Every structure is written in C-alpha cells, then in structure tokens.
$ cat my_file22.cif   # mmCIF, C-alpha atoms and all ligand atoms
data_upload
#
loop_
_atom_site.label_atom_id
_atom_site.label_comp_id
_atom_site.auth_asym_id
_atom_site.auth_seq_id
_atom_site.Cartn_x
_atom_site.Cartn_y
_atom_site.Cartn_z
CA MET S 269 -67.34 -18.41 116.75
CA SER S 270 -65.21 -21.56 116.88
CA ASP S 271 -67.10 -24.84 116.54
CA THR S 272 -64.59 -26.80 118.62
CA PHE S 273 -65.94 -26.54 122.11
CA THR S 274 -65.21 -28.61 125.19
CA HIS S 275 -68.13 -30.53 126.69
CA ARG S 276 -68.09 -32.72 129.81
CA ARG S 277 -70.59 -34.77 131.70
CA VAL S 278 -72.18 -32.63 134.38
CA ALA S 279 -70.86 -34.89 137.14
CA ASP S 280 -67.30 -34.19 135.98
CA VAL S 281 -67.67 -30.41 136.21
CA PRO S 282 -66.18 -28.89 139.39
CA HIS S 283 -68.65 -27.54 141.92
CA ALA S 284 -68.25 -23.77 142.26
CA LEU S 285 -69.01 -23.80 145.99
CA ASP S 286 -67.13 -27.00 146.95
CA ASP S 287 -64.06 -25.89 145.07
CA PRO S 288 -63.85 -22.13 145.58
CA GLN S 289 -60.09 -22.06 145.05
CA ALA S 290 -60.54 -23.44 141.54
CA LEU S 291 -63.10 -20.77 140.72
CA ALA S 292 -60.85 -18.06 142.18
CA ALA S 293 -57.99 -19.36 140.03
CA ALA S 294 -60.20 -19.31 136.94
CA LEU S 295 -61.21 -15.72 137.67
CA GLY S 296 -57.53 -14.87 137.91
CA GLY S 297 -58.16 -11.57 139.70
CA ARG S 298 -60.46 -10.31 136.95
CA THR S 299 -63.68 -8.50 137.77
CA PRO S 300 -66.70 -10.72 137.08
CA ALA S 301 -69.42 -9.43 134.74
CA LEU S 302 -72.52 -11.48 135.44
CA PHE S 303 -75.02 -12.74 132.90
CA LEU S 304 -77.97 -14.40 134.60
CA ASP S 305 -80.59 -16.72 133.23
CA TYR S 306 -83.98 -16.54 135.00
CA ASP S 307 -86.03 -19.79 134.99
CA GLY S 308 -84.26 -22.69 136.65
CA THR S 309 -81.42 -20.41 137.74
CA LEU S 310 -82.81 -17.51 139.76
CA THR S 311 -86.08 -19.39 140.34
CA PRO S 312 -86.85 -23.11 140.61
CA ILE S 313 -88.71 -24.72 137.70
CA VAL S 314 -92.44 -24.83 138.47
CA PRO S 315 -95.38 -26.28 136.50
CA ARG S 316 -96.71 -22.94 135.21
CA PRO S 317 -94.47 -20.15 133.82
CA GLU S 318 -96.63 -17.48 135.45
CA ASP S 319 -95.86 -18.95 138.89
CA ALA S 320 -92.06 -18.64 138.64
CA VAL S 321 -91.85 -15.61 140.90
CA LEU S 322 -88.52 -14.29 142.19
CA SER S 323 -88.33 -14.50 145.97
CA ASP S 324 -87.56 -11.37 147.98
CA ALA S 325 -84.40 -13.09 149.24
CA ALA S 326 -83.23 -13.77 145.69
CA ARG S 327 -84.01 -10.22 144.63
CA ALA S 328 -81.96 -8.90 147.57
CA VAL S 329 -78.95 -11.00 146.54
CA VAL S 330 -79.18 -9.91 142.89
CA ARG S 331 -79.57 -6.29 143.98
CA ARG S 332 -76.51 -6.64 146.26
CA VAL S 333 -74.29 -8.10 143.57
CA ALA S 334 -75.53 -5.60 140.98
CA ALA S 335 -74.40 -2.78 143.26
CA VAL S 336 -70.78 -3.89 142.86
CA LEU S 337 -70.59 -5.82 139.56
CA PRO S 338 -72.10 -5.45 136.07
CA VAL S 339 -75.23 -7.63 135.85
CA ALA S 340 -77.35 -8.53 132.84
CA VAL S 341 -80.37 -10.84 132.83
CA VAL S 342 -80.47 -12.86 129.60
CA SER S 343 -83.72 -14.79 129.51
CA GLY S 344 -85.90 -16.77 127.16
CA ARG S 345 -88.88 -14.88 128.51
CA ASP S 346 -90.36 -11.82 126.95
CA ARG S 347 -88.17 -8.90 128.00
CA PRO S 348 -90.93 -6.89 129.74
CA ASP S 349 -92.01 -10.08 131.53
CA VAL S 350 -88.56 -10.81 132.96
CA GLU S 351 -88.04 -7.12 133.80
CA ARG S 352 -91.30 -7.19 135.78
CA LEU S 353 -90.35 -10.44 137.53
CA VAL S 354 -86.82 -9.36 138.49
CA ALA S 355 -87.92 -5.79 139.23
CA ILE S 356 -84.48 -4.28 139.80
CA ASP S 357 -83.71 -0.98 138.10
CA GLY S 358 -80.37 -0.44 136.45
CA LEU S 359 -79.76 -3.98 135.16
CA ILE S 360 -79.39 -4.86 131.52
CA TYR S 361 -82.28 -7.03 130.34
CA ALA S 362 -82.34 -9.27 127.28
CA GLY S 363 -85.49 -11.24 126.47
CA SER S 364 -86.63 -13.74 123.83
CA HIS S 365 -83.35 -15.69 124.24
CA GLY S 366 -81.24 -12.61 123.50
CA PHE S 367 -83.25 -11.39 120.50
CA ASP S 368 -84.59 -8.36 122.42
CA VAL S 369 -82.12 -6.24 124.40
CA GLU S 370 -82.48 -3.07 126.40
CA VAL S 371 -79.90 -1.24 128.50
CA PRO S 372 -80.48 1.26 131.29
CA GLY S 373 -81.33 4.64 129.89
CA GLY S 374 -82.77 2.88 126.87
CA GLY S 375 -82.11 2.68 123.20
CA THR S 376 -78.45 3.59 122.85
CA LEU S 377 -77.44 0.09 121.75
CA GLU S 378 -78.71 -1.01 118.40
CA ASN S 379 -79.84 -4.59 118.52
CA PRO S 380 -78.21 -6.31 115.53
CA VAL S 381 -81.16 -8.67 115.07
CA SER S 382 -83.95 -6.14 115.21
CA GLY S 383 -86.43 -6.49 112.38
CA ASP S 384 -90.12 -6.94 111.92
CA TRP S 385 -90.91 -10.56 112.61
CA SER S 386 -94.30 -9.77 114.06
CA GLN S 387 -96.44 -10.90 111.12
CA THR S 388 -94.70 -14.27 110.83
CA LEU S 389 -94.72 -14.84 114.59
CA ASP S 390 -98.36 -13.72 114.89
CA ALA S 391 -99.38 -16.23 112.21
CA ALA S 392 -97.37 -19.04 113.83
CA GLU S 393 -98.86 -18.19 117.23
CA ARG S 394 -102.39 -18.48 115.76
CA ALA S 395 -101.48 -21.81 114.18
CA LEU S 396 -100.07 -23.14 117.46
CA HIS S 397 -103.18 -22.09 119.35
CA ALA S 398 -105.38 -23.72 116.71
CA GLY S 399 -103.59 -27.03 117.15
CA LEU S 400 -102.67 -26.99 120.85
CA ASP S 401 -105.61 -25.37 122.61
CA ALA S 402 -107.48 -28.67 122.45
CA ILE S 403 -104.69 -30.50 124.32
CA ASP S 404 -105.26 -30.31 128.05
CA GLY S 405 -102.29 -28.67 129.80
CA ALA S 406 -100.57 -27.44 126.64
CA GLN S 407 -99.65 -23.77 126.89
CA VAL S 408 -98.65 -21.27 124.20
CA GLU S 409 -96.57 -18.35 125.50
CA ARG S 410 -95.88 -15.52 123.07
CA LYS S 411 -92.78 -13.42 123.43
CA LYS S 412 -91.72 -10.62 121.07
CA PHE S 413 -89.26 -12.78 119.12
CA SER S 414 -90.19 -16.30 120.22
CA ILE S 415 -93.25 -18.46 120.84
CA ALA S 416 -93.03 -21.13 123.53
CA ALA S 417 -95.17 -24.25 123.25
CA HIS S 418 -95.12 -25.81 126.73
CA TYR S 419 -95.87 -29.48 127.35
CA ARG S 420 -94.91 -29.84 131.04
CA ARG S 421 -98.54 -30.28 132.11
CA ILE S 422 -99.88 -32.49 129.30
CA ALA S 423 -100.58 -36.23 129.70
CA ASP S 424 -97.90 -38.54 128.29
CA ALA S 425 -100.54 -39.99 125.97
CA ASP S 426 -101.05 -36.55 124.42
CA TYR S 427 -97.39 -35.98 123.59
CA PRO S 428 -97.53 -37.48 120.05
CA ALA S 429 -100.43 -35.14 119.18
CA PHE S 430 -98.56 -32.20 120.70
CA ARG S 431 -95.42 -33.06 118.74
CA ALA S 432 -97.42 -33.47 115.51
CA VAL S 433 -98.77 -29.93 115.85
CA LEU S 434 -95.23 -28.57 116.30
CA ASP S 435 -94.05 -30.48 113.21
CA GLU S 436 -96.98 -29.28 111.13
CA VAL S 437 -96.67 -25.62 112.18
CA GLY S 438 -92.88 -25.68 111.88
CA GLY S 439 -93.22 -27.00 108.33
CA ARG S 440 -95.52 -24.13 107.40
CA PHE S 441 -93.09 -21.47 108.69
CA PRO S 442 -89.63 -22.13 107.21
CA ASP S 443 -88.50 -18.65 108.35
CA LEU S 444 -88.75 -19.89 111.93
CA LYS S 445 -86.48 -22.38 113.71
CA GLU S 446 -87.39 -24.67 116.58
CA LYS S 447 -85.36 -24.58 119.81
CA PRO S 448 -85.96 -27.09 122.61
CA GLY S 449 -85.93 -26.24 126.31
CA LYS S 450 -87.23 -27.75 129.54
CA LYS S 451 -90.55 -29.35 128.53
CA VAL S 452 -90.93 -26.67 125.87
CA PHE S 453 -90.28 -26.09 122.17
CA GLU S 454 -89.86 -22.55 120.95
CA LEU S 455 -90.30 -21.09 117.46
CA GLN S 456 -87.94 -18.20 116.74
CA PRO S 457 -86.58 -16.30 113.71
CA ALA S 458 -84.34 -18.70 111.77
CA ILE S 459 -81.29 -16.49 112.00
CA ASP S 460 -77.91 -17.21 113.52
CA TRP S 461 -78.55 -15.63 116.91
CA HIS S 462 -78.85 -17.01 120.42
CA LYS S 463 -77.94 -16.22 124.03
CA GLY S 464 -74.24 -16.77 123.33
CA LYS S 465 -74.11 -14.29 120.45
CA CYS S 466 -76.12 -11.88 122.55
CA VAL S 467 -73.61 -12.11 125.42
CA LEU S 468 -70.63 -11.57 123.09
CA TRP S 469 -72.41 -8.61 121.55
CA LEU S 470 -73.25 -7.14 124.97
CA LEU S 471 -69.64 -7.49 126.11
CA GLN S 472 -68.52 -5.36 123.17
CA ALA S 473 -71.37 -2.90 123.33
CA LEU S 474 -70.87 -2.29 127.05
CA ASP S 475 -67.08 -2.08 126.77
CA LEU S 476 -66.71 -5.19 128.92
CA ASP S 477 -64.56 -7.10 126.41
CA ARG S 478 -61.45 -6.22 128.40
CA PRO S 479 -58.68 -8.39 129.85
CA ASP S 480 -59.57 -7.30 133.40
CA VAL S 481 -63.16 -8.59 133.05
CA ALA S 482 -64.29 -12.21 133.49
CA PRO S 483 -67.74 -12.71 131.94
CA LEU S 484 -69.73 -15.37 133.83
CA PHE S 485 -72.97 -16.84 132.46
CA LEU S 486 -75.14 -18.63 135.05
CA GLY S 487 -77.81 -20.85 133.51
CA ASP S 488 -79.52 -24.23 133.61
CA ASP S 489 -81.09 -25.03 130.25
CA VAL S 490 -79.91 -26.27 126.85
CA THR S 491 -80.36 -22.75 125.48
CA ASP S 492 -77.82 -21.57 128.06
CA GLU S 493 -75.26 -23.95 126.56
CA ASP S 494 -74.99 -21.48 123.63
CA ALA S 495 -73.73 -18.91 126.14
CA PHE S 496 -71.40 -21.39 127.87
CA ARG S 497 -69.88 -22.25 124.48
CA ALA S 498 -69.57 -18.58 123.53
CA LEU S 499 -67.70 -17.85 126.74
CA GLN S 500 -65.18 -20.60 125.96
CA THR S 501 -64.01 -18.22 123.21
CA VAL S 502 -63.44 -15.33 125.65
CA ASP S 503 -60.36 -14.96 127.84
CA GLY S 504 -61.59 -15.42 131.41
CA GLY S 505 -65.11 -16.35 130.25
CA LEU S 506 -66.86 -19.02 132.34
CA GLY S 507 -70.15 -20.84 132.12
CA ILE S 508 -71.70 -21.88 135.44
CA LEU S 509 -74.35 -24.56 135.10
CA CYS S 510 -77.20 -24.84 137.58
CA ALA S 511 -77.97 -28.58 137.51
CA ASP S 512 -77.89 -31.59 139.78
CA PRO S 513 -76.01 -34.35 137.89
CA ALA S 514 -78.26 -36.99 139.46
CA GLU S 515 -81.28 -35.60 137.61
CA ASP S 516 -79.81 -36.13 134.13
CA PRO S 517 -76.65 -38.27 134.39
CA ALA S 518 -76.13 -38.36 130.60
CA ARG S 519 -76.20 -34.61 130.13
CA GLU S 520 -73.07 -32.93 128.82
CA THR S 521 -72.28 -29.27 129.28
CA ALA S 522 -69.89 -26.62 128.06
CA ALA S 523 -69.92 -24.98 131.49
CA ALA S 524 -66.68 -24.69 133.44
CA PHE S 525 -68.32 -24.94 136.87
CA ARG S 526 -71.62 -25.99 138.30
CA VAL S 527 -73.90 -25.64 141.27
CA ASP S 528 -76.85 -27.89 142.12
CA ASP S 529 -79.84 -25.56 142.27
CA PRO S 530 -81.06 -21.94 142.41
CA ASP S 531 -80.38 -21.73 146.16
CA GLN S 532 -76.73 -22.45 145.46
CA ILE S 533 -76.77 -19.86 142.66
CA LEU S 534 -77.76 -17.30 145.30
CA THR S 535 -74.98 -18.49 147.62
CA LEU S 536 -72.49 -18.08 144.80
CA LEU S 537 -73.80 -14.62 143.89
CA ALA S 538 -73.54 -13.57 147.54
CA ARG S 539 -69.94 -14.82 147.66
CA LEU S 540 -69.08 -12.92 144.47
CA ALA S 541 -70.72 -9.81 145.92
CA GLY S 542 -68.72 -10.22 149.14
CA LEU S 543 -65.50 -10.56 147.18
CA ALA S 544 -66.24 -7.43 145.14
CA GLU S 545 -67.30 -5.50 148.25
CA ALA S 546 -63.98 -6.42 149.85
CA GLY S 547 -62.18 -5.09 146.79
CA GLY S 548 -61.12 -8.56 145.69
CA GLU S 549 -59.08 -9.06 148.88
CA GLU S 550 -60.84 -12.21 150.07
CA ASP S 551 -59.12 -15.47 149.21
CA ALA S 552 -61.81 -17.07 147.09
CA PRO S 553 -65.46 -16.70 146.06
O1 LIG Q 601 -83.93 -18.47 129.67
P1 LIG Q 601 -84.84 -18.57 130.85
O2 LIG Q 601 -84.98 -17.28 131.59
O3 LIG Q 601 -84.48 -19.70 131.76
O4 LIG Q 601 -86.27 -18.91 130.23
C1 LIG Q 601 -86.46 -20.18 129.59
C2 LIG Q 601 -87.95 -20.44 129.52
O5 LIG Q 601 -88.41 -20.39 130.86
C3 LIG Q 601 -89.82 -20.52 131.09
O6 LIG Q 601 -90.21 -21.86 130.88
C4 LIG Q 601 -89.54 -22.77 131.75
O7 LIG Q 601 -89.82 -22.42 133.13
C5 LIG Q 601 -91.19 -22.56 133.52
C6 LIG Q 601 -91.34 -22.05 134.96
O8 LIG Q 601 -90.50 -22.75 135.83
C7 LIG Q 601 -91.64 -24.01 133.36
O9 LIG Q 601 -93.02 -24.13 133.70
C8 LIG Q 601 -91.41 -24.44 131.91
O10 LIG Q 601 -91.68 -25.83 131.78
C9 LIG Q 601 -89.97 -24.20 131.48
O11 LIG Q 601 -89.79 -24.46 130.09
C10 LIG Q 601 -90.59 -19.54 130.23
O12 LIG Q 601 -91.96 -19.81 130.35
C11 LIG Q 601 -90.14 -19.56 128.77
O13 LIG Q 601 -90.77 -18.49 128.07
C12 LIG Q 601 -88.64 -19.34 128.71
O14 LIG Q 601 -88.19 -19.39 127.37
#

$ encode --input "my_file22.cif" --output "structure tokens"
Amino acid sequence: MSDTFTHRRVADVPHALDDPQALAAALGGRTPALFLDYDGTLTPIVPRPEDAVLSDAARAVVRRVAAVLPVAVVSGRDRPDVERLVAIDGLIYAGSHGFDVEVPGGGTLENPVSGDWSQTLDAAERALHAGLDAIDGAQVERKKFSIAAHYRRIADADYPAFRAVLDEVGGRFPDLKEKPGKKVFELQPAIDWHKGKCVLWLLQALDLDRPDVAPLFLGDDVTDEDAFRALQTVDGGLGILCADPAEDPARETAAAFRVDDPDQILTLLARLAGLAEAGGEEDAP
C-alpha cells in the first residue's frame, strides 16, 4: 500500500449530505459496496461499551441498504459481539479491527491473519486485569484478537497510573502492538494488519475489486483512518468520516467526505439505498 496519502482537516472535508452532487460525481455511476464501522458510526459513543445498542430504526436502515448493496460491518469489537448487536443475517462481519472475518455461509474465505494468538492474548489480558482492576472505572474488554483497555470512565487523576499499566504490560509483550482509539488503548498481534488491509482483502475475496464498484468505508475513529487511507488506493474508493469538526478542530482525516454524527450516517445510508432501489436513476445520493 502506498505511504503517500492525502489528509485534510475535518472542517475542509465536504459534507456528504450538504454536497450530494459532489458525492454522486465521486461515485461516478459505480455501485457502492459499503463497509460500516459500528461504535461512533452506527451508534453514538456512550460511557459503557455494553450500552452501545443499535436502535431499531438504525437496524431497519442497514437492513434496507443491505437488500440492495453489498454490506460488511468491520468493527473493533469481538466479531460475535458485533454480530449480536447488529443482528442482521446475510452481512459480512469482521471483528477485532479486521483480524477476525466471517462471510455468510461461513468459512469459505481463509483469513490471511489467522493463527493462534490466544496464549499471548490470554496472558496480556490477565496482566491488564491485574494492573487495571484497582482503578475505578477502568475496563478491560477481551476480543478474540485484541484487548481493549478503556479509560473513558476513570478520574483524570488516575490516568497516569492507567497509562503506566499499559506501558508496563506492553513492554512485557513485544509480540503485541498498541493501537489507540476513543478513550481506549488496544493490544493486538504486532503484525501488519488493520481495517484497511481487511477491506482490501475483502474486496478481492468477494470479487468486488471491479471498476463498476465503489467501496465506501463509513467510520469515526482513528482506526478507521487505516481504511480511509486504503481506499485512497482503490479506483472509486471513498472514506466517509463520521465526525463533527467542532469537537476536534485539529483532527486530520484521509476521508473524502464527512457527516456529523450517526443520525446523518443513517440519512446517508437511506439515500444510498434509495438510489440503488431506483436503479441508480436518481440524480444524487
Ligand atoms: O471499530 P468500532 O466498531 O467503532 O469499535 C471500536 C471500539 O468501540 C468500542 O469502544 C468505543 O465505544 C464505546 C461505546 O460507545 C465507548 O464506551 C468507548 O469509550 C469507545 O472506545 C468497543 O468497546 C471496542 O471494543 C471497539 O474496539
């Protein structure tokens, strides 16, 4: 993958709903293939991961668009967890930030990063619990190929102690790498794999790497930037960032378009569904 990517401040990225003609032009008549992040994109960010439940309205929109376009959910969550939360049959689900992929019908695609990381991750999970369980509000969330250490609910005064545990555990497990996210650090296998590589791999494996397909990745977090960058290398590929520029004015993104929040993600998905239902004959998404 090229390492020369274009990044812009979020405020300079065109809004996908305010500027539908620009998005239509970028799609260029291609059929969108949708790759959806979960937290912060399909659901608002909430204090506890277990409370980020998909609304019935959101599920209806995703189900509608999945009836007419290819849809994959590519999440940092454990794959069974995000499958349970989305609860729509027939989608492609990737969990653990793209390390764990399943397609409908099961098992026909061989995940290029499969391998037995369980012993290393189990040991790191124990070490994180040993250090973090004493910190009020800290939360360790184990996924098959990643361990999230959440600090959203800890006191500011406890952050140095939280960070020290991450440094100490990270130092003991050189086979793991640390990835930051929204008020979270995750330990994952230290191999060259992320959501972007997962999306490129899925495009090939699902025979979607075609000139008539425009892969769109909709996401909010820094881990989604890997997918936005990857799609800059694909003809017709577009990242769509879910972020309000006012919340982090300094943030830069590799996304081509943006919306402000998960409600607007649903509006955009509904527009894309409407366009596909009309056979691409509407003027713009
Ligand atoms: O790639 P995603 O599907 O967006 O998953 C990224 C992480 O999302 C979850 O944590 C984040 O959302 C929580 C619920 O809103 C929030 O409480 C937390 O602070 C955020 O970091 C999830 O718990 C992680 O496992 C995912 O990796």

$ closest_residue --input "my_file22.cif" --among "S:Val437, S:Val342, S:Ala328, S:Ile313" --to "Thr491 of chain S" --atoms "all atoms listed in the file"
S:Val342

$ residues_around --input "my_file22.cif" --residues "Asp488 of chain S" --least-positions-apart "3" --cutoff "6 Å" --atoms "only C-alpha atoms" --output "list of chain:residue names"
S:Gly308, S:Thr309, S:Leu509, S:Cys510

$ residues_near_ligand --input "my_file22.cif" --ligand "ligand LIG 601 (chain Q)" --cutoff "6 Å" --atoms "only C-alpha atoms and all ligand atoms" --output "ChimeraX atom specification"
/S:305-308,313-317,320,343-345,416,420,449-452

$ residues_around --input "my_file22.cif" --residues "Ala335 of chain S" --least-positions-apart "4" --cutoff "12 Å" --atoms "all atoms listed in the file" --output "list in words"
Ala301, Leu302, Ala328, Val329, Val330, Arg331, Val339, Ile356, Asp357, Gly358, Leu359, Leu537, Ala538, Leu540, Ala541, Gly542, Ala544 and Glu545 of chain S

$ atom_distance --input "my_file22.cif" --atom1 "atom CA of Ile459 of chain S" --atom2 "atom CA of Glu393 of chain S"
18.4 Å
